[in-house]
$ cat protein.txt   # compact mmCIF, C-alpha atoms
# COMPACT_ATOMS: atom_id res chain seq x y z
CA MET A 178 -10.66 64.47 11.83
CA PHE A 179 -7.78 64.74 9.36
CA LYS A 180 -5.30 65.63 12.12
CA ARG A 181 -6.32 62.55 14.05
CA LEU A 182 -5.99 60.42 10.91
CA ARG A 183 -2.51 61.81 10.25
CA LYS A 184 -1.49 61.04 13.81
CA VAL A 185 -2.76 57.48 13.49
CA LEU A 186 -0.97 56.97 10.19
CA SER A 187 2.20 58.53 11.59
CA PHE A 188 2.05 56.21 14.59
CA ILE A 189 1.51 53.16 12.34
CA LEU A 190 4.44 54.22 10.13
CA LYS A 191 6.76 54.66 13.12
CA LEU A 192 5.66 51.32 14.50
CA TYR A 193 6.35 49.66 11.16
CA ILE A 194 9.81 51.26 10.94
CA LEU A 195 10.67 49.89 14.37
CA TYR A 196 9.32 46.48 13.37
CA ALA A 197 11.32 46.53 10.12
CA LEU A 198 14.47 47.61 11.96
CA ALA A 199 14.15 44.78 14.46
CA ALA A 200 12.99 42.03 12.08
CA GLY A 201 14.87 43.14 8.98
CA VAL A 202 18.17 44.41 10.40
CA LEU A 203 18.93 43.70 14.05
CA ILE A 204 17.91 40.06 13.74
CA PHE A 205 21.00 39.54 11.54
CA ALA A 206 23.44 40.95 14.10
CA PHE A 207 24.14 37.45 15.44
CA PRO A 208 25.83 35.40 12.69
CA VAL A 209 26.51 31.70 12.99
CA SER A 210 29.51 30.83 15.15
CA PRO A 211 31.86 28.02 14.14
CA GLU A 212 31.24 24.60 15.58
CA PRO A 213 34.24 23.08 17.41
CA ASP A 214 34.81 20.47 14.69
CA TRP A 215 34.05 22.59 11.63
CA GLU A 216 37.59 22.39 10.26
CA GLY A 217 37.40 18.61 10.30
CA ARG A 218 34.43 18.75 7.97
CA ILE A 219 36.39 20.62 5.29
CA ASP A 220 38.25 18.37 2.87
CA SER A 221 40.39 20.59 0.63
CA GLU A 222 42.03 17.51 -0.87
CA ARG A 223 38.86 16.84 -2.85
CA PHE A 224 39.71 19.85 -5.06
CA TYR A 225 42.79 18.12 -6.47
CA GLY A 226 42.75 15.64 -9.34
CA GLU A 227 44.97 13.97 -11.89
CA GLU A 228 43.06 14.21 -15.16
CA GLY A 229 39.97 16.39 -15.40
CA TYR A 230 36.89 16.08 -17.56
CA ASP A 231 36.47 19.82 -18.02
CA GLN A 232 38.34 22.56 -19.84
CA VAL A 233 38.23 26.23 -18.82
CA VAL A 234 38.50 29.54 -20.65
CA LEU A 235 39.32 32.71 -18.74
CA LEU A 236 36.85 35.46 -19.70
CA GLU A 237 38.83 38.52 -18.67
CA ASN A 238 38.08 40.61 -21.74
CA PRO A 239 34.55 42.06 -21.40
CA TYR A 240 33.74 41.71 -25.09
CA LEU A 241 34.86 38.07 -25.01
CA ALA A 242 32.63 37.53 -21.97
CA ALA A 243 29.62 38.80 -23.93
CA LEU A 244 30.44 36.59 -26.91
CA ALA A 245 30.78 33.55 -24.65
CA ARG A 246 27.27 34.05 -23.33
CA ARG A 247 25.94 34.47 -26.84
CA ASP A 248 27.63 31.30 -28.09
CA LEU A 249 26.71 29.23 -25.04
CA ILE A 250 23.02 30.04 -25.54
CA ALA A 251 23.18 29.68 -29.34
CA GLY A 252 24.84 26.26 -29.05
CA ALA A 253 22.41 24.75 -26.54
CA GLN A 254 20.46 21.76 -27.82
CA GLU A 255 18.24 20.70 -24.90
CA THR A 256 18.29 22.97 -21.84
CA ILE A 257 19.48 26.35 -20.62
CA ASP A 258 19.42 27.24 -16.91
CA VAL A 259 20.06 30.85 -15.90
CA ALA A 260 20.62 32.17 -12.35
CA TYR A 261 21.40 35.88 -12.07
CA TYR A 262 21.36 38.58 -9.45
CA SER A 263 20.80 41.47 -11.84
CA LEU A 264 19.78 42.26 -15.41
CA ALA A 265 20.23 45.94 -16.22
CA ARG A 266 17.76 47.94 -18.29
CA ASP A 267 20.09 48.39 -21.23
CA TYR A 268 21.11 47.06 -24.62
CA SER A 269 23.13 44.09 -23.41
CA ALA A 270 20.29 42.71 -21.30
CA GLU A 271 17.90 43.03 -24.22
CA ALA A 272 20.33 41.08 -26.39
CA PHE A 273 20.67 38.43 -23.67
CA ILE A 274 16.91 37.97 -23.43
CA GLY A 275 16.67 37.93 -27.22
CA GLU A 276 19.13 35.03 -27.41
CA LEU A 277 17.16 33.11 -24.79
CA LEU A 278 13.95 33.65 -26.75
CA ALA A 279 15.67 32.44 -29.93
CA ALA A 280 16.86 29.29 -28.13
CA ALA A 281 13.34 28.63 -26.86
CA ASP A 282 12.01 29.07 -30.40
CA ARG A 283 14.14 26.18 -31.64
CA GLY A 284 12.90 23.89 -28.85
CA VAL A 285 15.41 24.42 -26.02
CA LYS A 286 13.86 24.34 -22.54
CA VAL A 287 14.84 27.56 -20.77
CA ARG A 288 14.58 28.16 -17.01
CA ILE A 289 15.35 31.64 -15.67
CA LEU A 290 15.85 32.29 -11.94
CA LEU A 291 16.38 35.91 -10.88
CA ASP A 292 16.70 37.67 -7.57
CA GLY A 293 13.22 38.75 -6.56
CA VAL A 294 14.18 42.31 -5.65
CA ARG A 295 16.61 43.17 -8.43
CA ALA A 296 14.24 41.75 -11.06
CA LEU A 297 11.83 44.60 -10.41
CA GLY A 298 14.19 46.97 -12.21
CA SER A 299 15.12 44.63 -15.06
CA PRO A 300 14.12 44.70 -18.75
CA LEU A 301 11.74 41.83 -17.99
CA LYS A 302 9.15 44.54 -17.39
CA LYS A 303 8.97 44.93 -21.16
CA VAL A 304 8.95 41.28 -22.15
CA ARG A 305 7.22 39.48 -19.29
CA SER A 306 4.31 38.50 -21.55
CA GLU A 307 6.79 37.09 -24.11
CA LEU A 308 8.32 34.83 -21.49
CA PHE A 309 4.97 33.74 -20.06
CA GLU A 310 3.45 32.87 -23.38
CA HIS A 311 6.39 30.77 -24.56
CA GLU A 312 5.89 27.06 -23.99
CA ASN A 313 9.63 26.47 -23.57
CA ILE A 314 10.37 29.18 -20.98
CA GLU A 315 9.85 29.14 -17.22
CA LEU A 316 10.57 32.16 -15.02
CA LYS A 317 10.95 32.24 -11.24
CA LEU A 318 11.92 34.96 -8.77
CA TYR A 319 14.01 34.10 -5.73
CA GLU A 320 12.50 35.61 -2.57
CA PRO A 321 10.32 38.43 -4.00
CA ILE A 322 9.94 41.49 -1.81
CA ASP A 323 7.62 40.92 1.15
CA LEU A 324 6.76 44.01 3.19
CA VAL A 325 5.08 41.96 5.90
CA ARG A 326 8.13 39.79 6.62
CA PRO A 327 11.25 41.99 6.75
CA TRP A 328 13.48 39.03 7.64
CA THR A 329 13.12 37.90 4.03
CA TRP A 330 14.72 41.08 2.65
CA ASN A 331 18.29 39.84 3.05
CA ASN A 332 17.73 36.40 1.52
CA ARG A 333 19.16 37.44 -1.82
CA LEU A 334 20.23 35.38 -4.82
CA HIS A 335 23.70 36.72 -5.65
CA ASP A 336 24.82 33.94 -8.05
CA LYS A 337 25.81 34.71 -11.65
CA TYR A 338 25.91 31.57 -13.79
CA ILE A 339 24.47 29.96 -16.92
CA ILE A 340 24.34 26.24 -17.81
CA ALA A 341 23.77 24.87 -21.32
CA ASP A 342 22.92 21.17 -21.54
CA TYR A 343 25.65 19.16 -19.81
CA SER A 344 28.32 20.70 -22.01
CA HIS A 345 28.94 24.36 -21.08
CA ALA A 346 28.67 26.72 -18.14
CA ILE A 347 29.72 30.29 -17.35
CA ILE A 348 30.26 31.51 -13.80
CA GLY A 349 31.88 34.63 -12.40
CA GLY A 350 31.31 38.11 -11.09
CA ARG A 351 29.48 39.67 -14.04
CA ASN A 352 25.80 40.52 -13.95
CA ILE A 353 24.07 41.29 -17.24
CA GLY A 354 24.60 44.97 -18.08
CA LEU A 355 26.70 47.18 -20.34
CA ARG A 356 28.99 48.19 -17.48
CA PHE A 357 30.23 44.56 -17.41
CA PHE A 358 30.71 44.20 -21.18
CA ASP A 359 31.59 47.67 -22.51
CA PRO A 360 34.88 49.20 -21.25
CA GLN A 361 33.69 52.59 -22.54
CA ASP A 362 30.56 52.62 -20.40
CA LYS A 363 30.57 55.49 -17.89
CA SER A 364 30.29 53.05 -14.96
CA ALA A 365 32.43 50.24 -16.43
CA VAL A 366 34.03 47.67 -14.12
CA ARG A 367 36.88 45.18 -14.49
CA ASP A 368 35.38 41.77 -13.91
CA ARG A 369 36.08 38.11 -14.57
CA ASP A 370 34.22 34.93 -15.59
CA VAL A 371 35.14 31.37 -16.49
CA LEU A 372 33.70 29.38 -19.39
CA ILE A 373 33.65 25.67 -18.60
CA ILE A 374 33.59 23.17 -21.46
CA SER A 375 32.69 19.55 -20.69
CA GLN A 376 32.39 16.42 -22.80
CA GLY A 377 28.78 16.07 -21.67
CA LYS A 378 26.57 13.54 -19.93
CA GLN A 379 28.99 10.66 -20.45
CA ASP A 380 31.39 12.23 -17.96
CA PRO A 381 29.80 11.84 -14.50
CA ALA A 382 32.82 13.52 -12.90
CA SER A 383 32.23 16.74 -14.85
CA VAL A 384 31.40 19.80 -12.76
CA LEU A 385 28.37 20.34 -15.01
CA HIS A 386 26.50 17.72 -12.97
CA GLN A 387 27.22 19.73 -9.82
CA PHE A 388 25.93 22.86 -11.53
CA LYS A 389 22.72 21.07 -12.53
CA ALA A 390 22.19 19.78 -8.99
CA TYR A 391 22.73 23.22 -7.47
CA PHE A 392 20.37 24.95 -9.90
CA THR A 393 17.71 22.30 -9.26
CA GLU A 394 18.08 22.85 -5.52
CA GLN A 395 17.56 26.60 -5.98
CA TRP A 396 14.74 26.16 -8.49
CA GLN A 397 12.80 23.76 -6.24
CA SER A 398 13.44 25.67 -3.01
CA PRO A 399 10.47 27.25 -1.21
CA TRP A 400 11.95 30.69 -1.88
CA ALA A 401 11.79 30.39 -5.67
CA GLU A 402 8.32 31.54 -6.77
CA ARG A 403 6.83 31.59 -10.22
CA ALA A 404 6.67 35.17 -11.42
CA GLY A 405 3.23 36.72 -11.76
CA ARG A 406 1.95 38.62 -14.75
CA GLY A 407 0.22 41.44 -12.96
CA LEU A 408 3.05 43.83 -12.10
CA PHE A 409 4.42 44.22 -15.61
CA ALA A 410 3.30 45.86 -18.82
CA ARG A 411 2.31 43.82 -21.85
CA PHE A 412 4.04 44.70 -25.12
CA GLY A 413 3.33 43.67 -28.69
CA SER A 414 4.80 40.22 -29.29
CA GLU A 415 6.19 40.74 -32.78
CA ASP A 416 7.66 44.17 -32.05
CA VAL A 417 9.41 43.02 -28.88
CA ARG A 418 10.80 39.87 -30.50
CA ASN A 419 12.17 41.73 -33.53
CA ARG A 420 13.80 44.44 -31.43
CA LEU A 421 15.49 41.97 -29.10
CA GLN A 422 16.74 39.77 -31.93
CA ALA A 423 18.15 42.81 -33.73
CA ALA A 424 19.94 43.86 -30.55
CA ALA A 425 21.48 40.41 -30.16
CA GLU A 426 22.69 40.23 -33.75
CA GLU A 427 24.17 43.73 -33.74
CA LEU A 428 25.94 43.43 -30.41
CA PHE A 429 27.46 39.96 -30.94
CA PRO A 430 28.54 39.51 -34.57
CA ASP A 431 31.81 37.57 -34.19
CA LYS A 432 32.60 33.83 -33.98
CA ILE A 433 35.12 32.39 -31.53
CA ASP A 434 36.80 28.96 -31.36
CA TRP A 435 36.46 28.40 -27.61
CA HIS A 436 38.31 25.07 -27.60
CA ALA A 437 41.39 26.83 -28.97
CA LEU A 438 41.34 29.18 -25.94
CA ALA A 439 40.67 26.49 -23.33
CA PHE A 440 43.06 25.21 -20.66
CA PRO A 441 43.09 21.59 -19.46
CA THR A 442 42.26 20.94 -15.82
CA ASN A 443 42.99 18.24 -13.30
CA LYS A 444 39.58 18.82 -11.73
CA VAL A 445 36.85 21.47 -11.44
CA THR A 446 34.59 21.61 -8.37
CA LEU A 447 31.56 23.79 -7.61
CA ILE A 448 31.19 25.21 -4.10
CA HIS A 449 28.25 27.25 -2.83
CA ASN A 450 26.53 28.57 0.25
CA PRO A 451 23.51 26.82 1.82
CA LEU A 452 20.03 28.09 1.00
CA GLY A 453 17.82 29.63 3.65
CA ARG A 454 16.57 32.75 5.34
CA LEU A 455 18.39 34.38 8.24
CA ASN A 456 22.08 33.75 8.92
CA GLN A 457 23.46 30.54 7.45
CA GLU A 458 26.69 28.62 7.97
CA PRO A 459 29.35 30.32 5.78
CA TRP A 460 30.27 27.39 3.54
CA ILE A 461 32.34 29.30 0.98
CA LEU A 462 34.15 31.33 3.65
CA MET A 463 34.98 28.06 5.41
CA GLU A 464 36.45 26.62 2.20
CA VAL A 465 38.50 29.78 1.54
CA ALA A 466 39.71 29.83 5.15
CA ALA A 467 40.81 26.18 4.95
CA LEU A 468 42.68 26.78 1.69
CA LEU A 469 44.30 29.88 3.16
CA ALA A 470 45.43 27.91 6.21
CA SER A 471 46.87 25.08 4.11
CA ALA A 472 48.62 27.28 1.50
CA ARG A 473 52.38 27.04 1.76
CA GLU A 474 53.80 29.48 -0.78
CA ARG A 475 51.49 32.22 -1.98
CA ALA A 476 47.81 33.13 -1.73
CA VAL A 477 46.30 35.88 -3.90
CA LEU A 478 42.91 37.25 -2.90
CA GLN A 479 40.96 39.69 -5.09
CA SER A 480 37.61 41.16 -4.10
CA PRO A 481 35.97 44.56 -4.71
CA TYR A 482 36.39 45.17 -0.99
CA PHE A 483 37.41 43.27 2.14
CA ILE A 484 35.29 43.58 5.28
CA PRO A 485 36.40 40.78 7.63
CA THR A 486 33.89 41.22 10.47
CA PRO A 487 34.52 39.69 13.92
CA ALA A 488 32.07 36.89 13.02
CA MET A 489 34.07 36.11 9.87
CA GLU A 490 37.39 36.23 11.72
CA LYS A 491 36.26 33.34 13.90
CA PHE A 492 36.52 31.17 10.79
CA LEU A 493 39.76 32.60 9.43
CA PRO A 494 43.08 30.88 10.24
CA SER A 495 45.25 32.17 13.04
CA ARG A 496 48.22 34.30 12.09
CA PRO A 497 50.97 34.24 10.96
CA LEU A 498 50.10 32.34 7.81
CA ALA A 499 52.63 30.05 6.17
CA ALA A 500 51.92 31.47 2.71
CA GLU A 501 52.64 34.98 1.56
CA THR A 502 49.18 36.53 1.27
CA VAL A 503 48.44 39.26 -1.28
CA ILE A 504 45.18 41.22 -1.34
CA VAL A 505 43.96 43.19 -4.35
CA THR A 506 40.97 45.50 -3.93
CA ASN A 507 39.63 48.95 -4.78
CA HIS A 508 41.18 52.13 -3.46
CA PRO A 509 38.72 53.99 -1.17
CA GLY A 510 39.43 57.26 -2.95
CA SER A 511 39.22 55.98 -6.52
CA PRO A 512 36.71 58.07 -8.51
CA GLY A 513 35.75 54.96 -10.48
CA TYR A 514 34.41 53.16 -7.41
CA ALA A 515 30.94 54.26 -6.28
CA ASN A 516 30.02 51.77 -3.53
CA LEU A 517 30.86 54.09 -0.66
CA SER A 518 29.08 52.03 1.99
CA ALA A 519 31.34 49.06 1.16
CA MET A 520 34.42 51.30 1.22
CA ALA A 521 33.36 52.65 4.61
CA GLY A 522 33.12 49.08 5.87
CA TYR A 523 36.54 48.30 4.39
CA LEU A 524 38.12 51.29 6.13
CA ASN A 525 36.51 50.31 9.42
CA ARG A 526 38.09 46.86 9.17
CA LYS A 527 41.38 47.93 7.56
CA GLN A 528 43.53 46.86 10.50
CA SER A 529 42.09 43.34 10.31
CA VAL A 530 42.86 43.26 6.58
CA LYS A 531 46.45 44.33 7.25
CA ARG A 532 46.88 41.52 9.76
CA LEU A 533 45.64 39.06 7.16
CA ALA A 534 47.85 40.11 4.24
CA ALA A 535 51.55 40.65 3.65
CA GLU A 536 50.73 42.93 0.71
CA ILE A 537 47.68 45.08 -0.02
CA HIS A 538 47.23 46.60 -3.47
CA GLU A 539 44.45 49.16 -3.82
CA TYR A 540 43.37 49.72 -7.41
CA TYR A 541 42.97 53.36 -8.43
CA ASP A 542 41.34 54.38 -11.72
CA PRO A 543 39.34 57.55 -12.43
CA SER A 544 36.93 55.72 -14.73
CA ARG A 545 36.77 52.06 -13.68
CA SER A 546 36.68 49.84 -10.61
CA LEU A 547 37.30 46.19 -9.74
CA HIS A 548 34.34 43.84 -9.45
CA ALA A 549 35.96 40.39 -9.85
CA LYS A 550 36.02 37.88 -7.00
CA THR A 551 39.03 35.58 -7.38
CA TYR A 552 41.40 33.54 -5.18
CA VAL A 553 44.58 31.69 -6.21
CA PHE A 554 46.44 29.31 -3.90
CA ASP A 555 49.99 28.01 -4.41
CA SER A 556 49.88 28.61 -8.18
CA ARG A 557 47.55 25.65 -8.65
CA LEU A 558 44.03 26.13 -7.26
CA SER A 559 41.94 29.04 -8.61
CA LEU A 560 38.53 30.15 -7.33
CA VAL A 561 36.27 32.35 -9.48
CA GLY A 562 32.65 33.24 -8.76
CA SER A 563 30.30 35.61 -6.97
CA PHE A 564 31.64 35.58 -3.39
CA ASN A 565 32.66 38.97 -1.96
CA PHE A 566 34.87 38.97 1.12
CA ASP A 567 32.20 40.35 3.44
CA ALA A 568 29.56 39.24 5.92
CA ARG A 569 26.68 39.42 3.43
CA SER A 570 28.36 36.97 1.05
CA SER A 571 29.48 34.83 3.97
CA PHE A 572 26.28 34.44 5.99
CA LEU A 573 23.30 35.75 4.00
CA SER A 574 23.33 35.59 0.20
CA THR A 575 23.36 32.63 -2.12
CA GLU A 576 26.87 32.49 -3.60
CA SER A 577 28.77 30.09 -5.84
CA MET A 578 32.33 29.62 -7.08
CA VAL A 579 34.30 27.06 -9.04
CA VAL A 580 37.57 25.66 -7.71
CA ILE A 581 39.87 24.91 -10.65
CA ASP A 582 42.87 22.61 -10.27
CA SER A 583 45.10 23.72 -13.14
CA PRO A 584 48.62 25.16 -12.81
CA GLU A 585 48.39 26.59 -16.34
CA PHE A 586 45.15 28.40 -15.61
CA ALA A 587 46.42 29.62 -12.23
CA GLU A 588 49.52 31.05 -13.91
CA LEU A 589 47.42 32.97 -16.43
CA LEU A 590 45.05 34.21 -13.74
CA THR A 591 47.96 35.38 -11.59
CA GLU A 592 49.42 37.28 -14.54
CA LYS A 593 46.07 38.98 -15.13
CA ILE A 594 45.89 40.07 -11.50
CA LYS A 595 49.48 41.36 -11.69
CA GLY A 596 48.42 43.31 -14.78
CA ILE A 597 45.59 44.91 -12.83
CA ILE A 598 48.06 45.93 -10.14
CA GLY A 599 50.33 47.35 -12.83
CA ASP A 600 47.48 49.26 -14.45
CA SER A 601 46.58 50.97 -11.20
CA GLN A 602 47.42 54.65 -11.28
CA PRO A 603 49.13 56.47 -8.41
CA ALA A 604 46.41 57.39 -5.97
CA GLU A 605 45.59 61.06 -5.85
CA ALA A 606 44.57 62.77 -2.65
CA MET A 607 41.00 61.94 -1.74
CA THR A 608 38.61 64.74 -2.61
CA PRO A 609 37.24 66.65 0.41
CA LEU A 610 33.69 65.59 -0.45
CA ARG A 611 34.63 61.91 -0.63
CA LYS A 612 36.65 62.15 2.57
CA VAL A 613 33.73 63.70 4.44
CA SER A 614 31.26 61.24 2.92
CA LEU A 615 33.36 58.23 3.92
CA SER A 616 33.91 59.63 7.42
CA ILE A 617 30.17 59.95 7.92
CA LEU A 618 29.43 56.56 6.42
CA ARG A 619 32.08 54.90 8.58
CA LEU A 620 30.18 56.07 11.64
CA VAL A 621 26.78 55.19 10.19
CA PHE A 622 27.71 51.68 9.09
CA TRP A 623 30.09 50.77 11.90
CA PRO A 624 27.32 49.00 13.90
CA PHE A 625 25.95 47.33 10.74
CA SER A 626 29.02 45.68 9.21
CA PHE A 627 27.11 42.37 9.38
CA LEU A 628 24.92 43.61 6.50
CA LEU A 629 27.64 45.05 4.22

$ encode --input "protein.txt" --output "structure tokens"
Amino acid sequence: MFKRLRKVLSFILKLYILYALAAGVLIFAFPVSPEPDWEGRIDSERFYGEEGYDQVVLLENPYLAALARRDLIAGAQETIDVAYYSLARDYSAEAFIGELLAAADRGVKVRILLDGVRALGSPLKKVRSELFEHENIELKLYEPIDLVRPWTWNNRLHDKYIIADYSHAIIGGRNIGLRFFDPQDKSAVRDRDVLIISQGKQDPASVLHQFKAYFTEQWQSPWAERAGRGLFARFGSEDVRNRLQAAAEELFPDKIDWHALAFPTNKVTLIHNPLGRLNQEPWILMEVAALLASARERAVLQSPYFIPTPAMEKFLPSRPLAAETVIVTNHPGSPGYANLSAMAGYLNRKQSVKRLAAEIHEYYDPSRSLHAKTYVFDSRLSLVGSFNFDARSSFLSTESMVVIDSPEFAELLTEKIKGIIGDSQPAEAMTPLRKVSLSILRLVFWPFSFLL
């Protein structure tokens, strides 16, 4: 009896694995191909302006990035909208939630949208009841895990941005976790955000209106579901609130004059991918490709890794490029970089990367890695956001970036990237274990580069 039951269960499990492989993996092996007139639909001239309504602050320093989030939330008067891929289970995420609770206490309407898979491991487990019971807080999860429909598994919210009223926004590569804000953390990364300061509702040309429209589109989409109570523990209200508030006050004690650090802009524009399950048209990749094709002097591209798949290359400009193209990424052998599957994909596509760039700089650091996603074109246009140069960010995930028209900001950003190149240590020989691991992973992931 039990043997027969085990056989039946084993058969069902094998059948499910085959179903999940077909519906959750192989179905994505056929990305969207470019339409014949796609380049005509891209208007890069819209990124340029003469006198912008927004100022920008480069948040390169991790401590400054944490303070900016604290001050943005503390200064909100009416609304706060939050869209994040990941909140870690650590001190910084507790402080972040504590600040949001404090804002809600003083009457600010707070909406929180988190990726439905990554949220399962977040500190929200401890404070879900706090968020549910607060009249000024709404919480939604974007595409929660669905074991019955594997094709939903790759519809991930990868954005990382916050909007306060119509006056401030932060966007970049940082999730909420100590590794993004504490350089001494054992898994620290070098990342980058931008604080955007607007004059408010009276400036219809401000990028804050584009942020609001994009968040509303995500919030009202059929894939954003109100989070349920049942999966998470209930904690004592007063104890949780006091602990989170204490964490916020201890971690973020300083005051910063953000206007004194801000750069003027000619224009700031938000770009993002379309929403939807399965493979989507790669809107951000198309914008980057058009800017790369039109650049005349120099293009600087920084991403944690570069995996230009054949499907992506169909959108990239033909070579040779008019502009000198420089790529900055992680060194495959760097001990500080742990995403070996991405590095395996990078090594598999290394020849394509070399054809794209005149220079490739691979960052090597025993204790840190690069996580920023940044592009600078002709010392004028700068792109900062969540977009990795890979197929997942191109065709699958929600992604967003700001395009900043500001020569002053582009100059500073270029200097910061040069500093990263200068800080890179001479690469040591790859350890035998890492070499073997990457060799195996290159073979394993070679057929699945469309999911990296």

$ residues_around --input "protein.txt" --residues "Pro208 in chain A" --least-positions-apart "6" --cutoff "10 Å" --atoms "all atoms listed in the file" --output "list in words"
Leu455, Asn456, Gln457, Glu458, Pro459, Pro487, Ala488, Met489, Ala568, Ser571, Phe572, Leu573 and Phe627 of chain A

$ residues_around --input "protein.txt" --residues "Pro494 in chain A" --least-positions-apart "3" --cutoff "9 Å" --atoms "only C-alpha atoms" --output "list in words"
Ala466, Ala467, Leu469, Ala470, Glu490, Lys491, Pro497 and Leu498 of chain A

$ closest_residue --input "protein.txt" --among "A:Val465, A:Ile594, A:Ser495, A:Ile581" --to "Ile219 in chain A" --atoms "all atoms listed in the file"
A:Val465

$ atom_distance --input "protein.txt" --atom1 "CA of Tyr319 in chain A" --atom2 "CA of Arg283 in chain A"
27.1 Å

$ atom_distance --input "protein.txt" --atom1 "CA of Phe554 in chain A" --atom2 "CA of Gln387 in chain A"
22.3 Å

$ residues_near_point --input "protein.txt" --point "(33.0, 18.0, -11.8)" --cutoff "7 Å" --atoms "all atoms listed in the file" --output "NGL selection string"
:A and (382-387 or 444-446)

$ residues_around --input "protein.txt" --residues "Leu589 in chain A" --least-positions-apart "6" --cutoff "12 Å" --atoms "only C-alpha atoms" --output "NGL selection string"
:A and (233-237 or 438-440 or 553 or 556-559 or 583 or 595-596)

$ atom_distance --input "protein.txt" --atom1 "CA of Ala253 in chain A" --atom2 "CA of Ala341 in chain A"
5.4 Å

$ residues_near_point --input "protein.txt" --point "(17.4, 29.4, 6.7)" --cutoff "12 Å" --atoms "all atoms listed in the file" --output "list of chain:residue names"
A:Phe205, A:Pro208, A:Val209, A:Trp328, A:Thr329, A:Asn331, A:Asn332, A:Arg333, A:Ser398, A:Pro399, A:Trp400, A:Asn450, A:Pro451, A:Leu452, A:Gly453, A:Arg454, A:Leu455, A:Asn456, A:Gln457, A:Glu458, A:Phe572, A:Leu573, A:Ser574, A:Thr575

$ closest_residue --input "protein.txt" --among "A:Gly522, A:Pro481, A:Gly354, A:Gly252" --to "Ile504 in chain A" --atoms "all atoms listed in the file"
A:Pro481

$ closest_atom_pairs --input "protein.txt" --of "range 198-315 of chain A" --to "range 432-437 of chain A" --cutoff "12 Å" --atoms "only C-alpha atoms" --output "Markdown table"
| residue | atom | partner | partner_atom | distance |
| --- | --- | --- | --- | --- |
| A:Asp231 | CA | A:His436 | CA | 11.1 |
| A:Gln232 | CA | A:His436 | CA | 8.2 |
| A:Val233 | CA | A:His436 | CA | 8.9 |
| A:Val234 | CA | A:Trp435 | CA | 7.3 |
| A:Leu235 | CA | A:Trp435 | CA | 10.3 |
| A:Leu236 | CA | A:Trp435 | CA | 10.6 |
| A:Tyr240 | CA | A:Ile433 | CA | 11.4 |
| A:Leu241 | CA | A:Ile433 | CA | 8.7 |
| A:Ala242 | CA | A:Ile433 | CA | 11.1 |
| A:Ala243 | CA | A:Ile433 | CA | 11.4 |
| A:Leu244 | CA | A:Ile433 | CA | 7.8 |
| A:Ala245 | CA | A:Ile433 | CA | 8.2 |
| A:Arg246 | CA | A:Ile433 | CA | 11.5 |
| A:Arg247 | CA | A:Lys432 | CA | 9.8 |
| A:Asp248 | CA | A:Lys432 | CA | 8.1 |
| A:Leu249 | CA | A:Trp435 | CA | 10.1 |
| A:Ala251 | CA | A:Lys432 | CA | 11.3 |
| A:Gly252 | CA | A:Trp435 | CA | 11.9 |

$ residues_around --input "protein.txt" --residues "Pro624 in chain A" --least-positions-apart "6" --cutoff "12 Å" --atoms "all atoms listed in the file" --output "count of residues only"
11

$ closest_residue --input "protein.txt" --among "A:Glu501, A:Glu276, A:Glu255, A:Asp555" --to "Ile340 in chain A" --atoms "only C-alpha atoms"
A:Glu255

$ closest_residue --input "protein.txt" --among "A:Trp460, A:Arg475, A:Ile598, A:Thr591" --to "Val505 in chain A" --atoms "only C-alpha atoms"
A:Ile598

$ closest_residue --input "protein.txt" --among "A:Ser480, A:Pro543, A:Trp330, A:Gly201" --to "Val503 in chain A" --atoms "all atoms listed in the file"
A:Ser480

$ closest_residue --input "protein.txt" --among "A:Ala534, A:Ile484, A:Leu547, A:Ala476" --to "Ala515 in chain A" --atoms "all atoms listed in the file"
A:Leu547
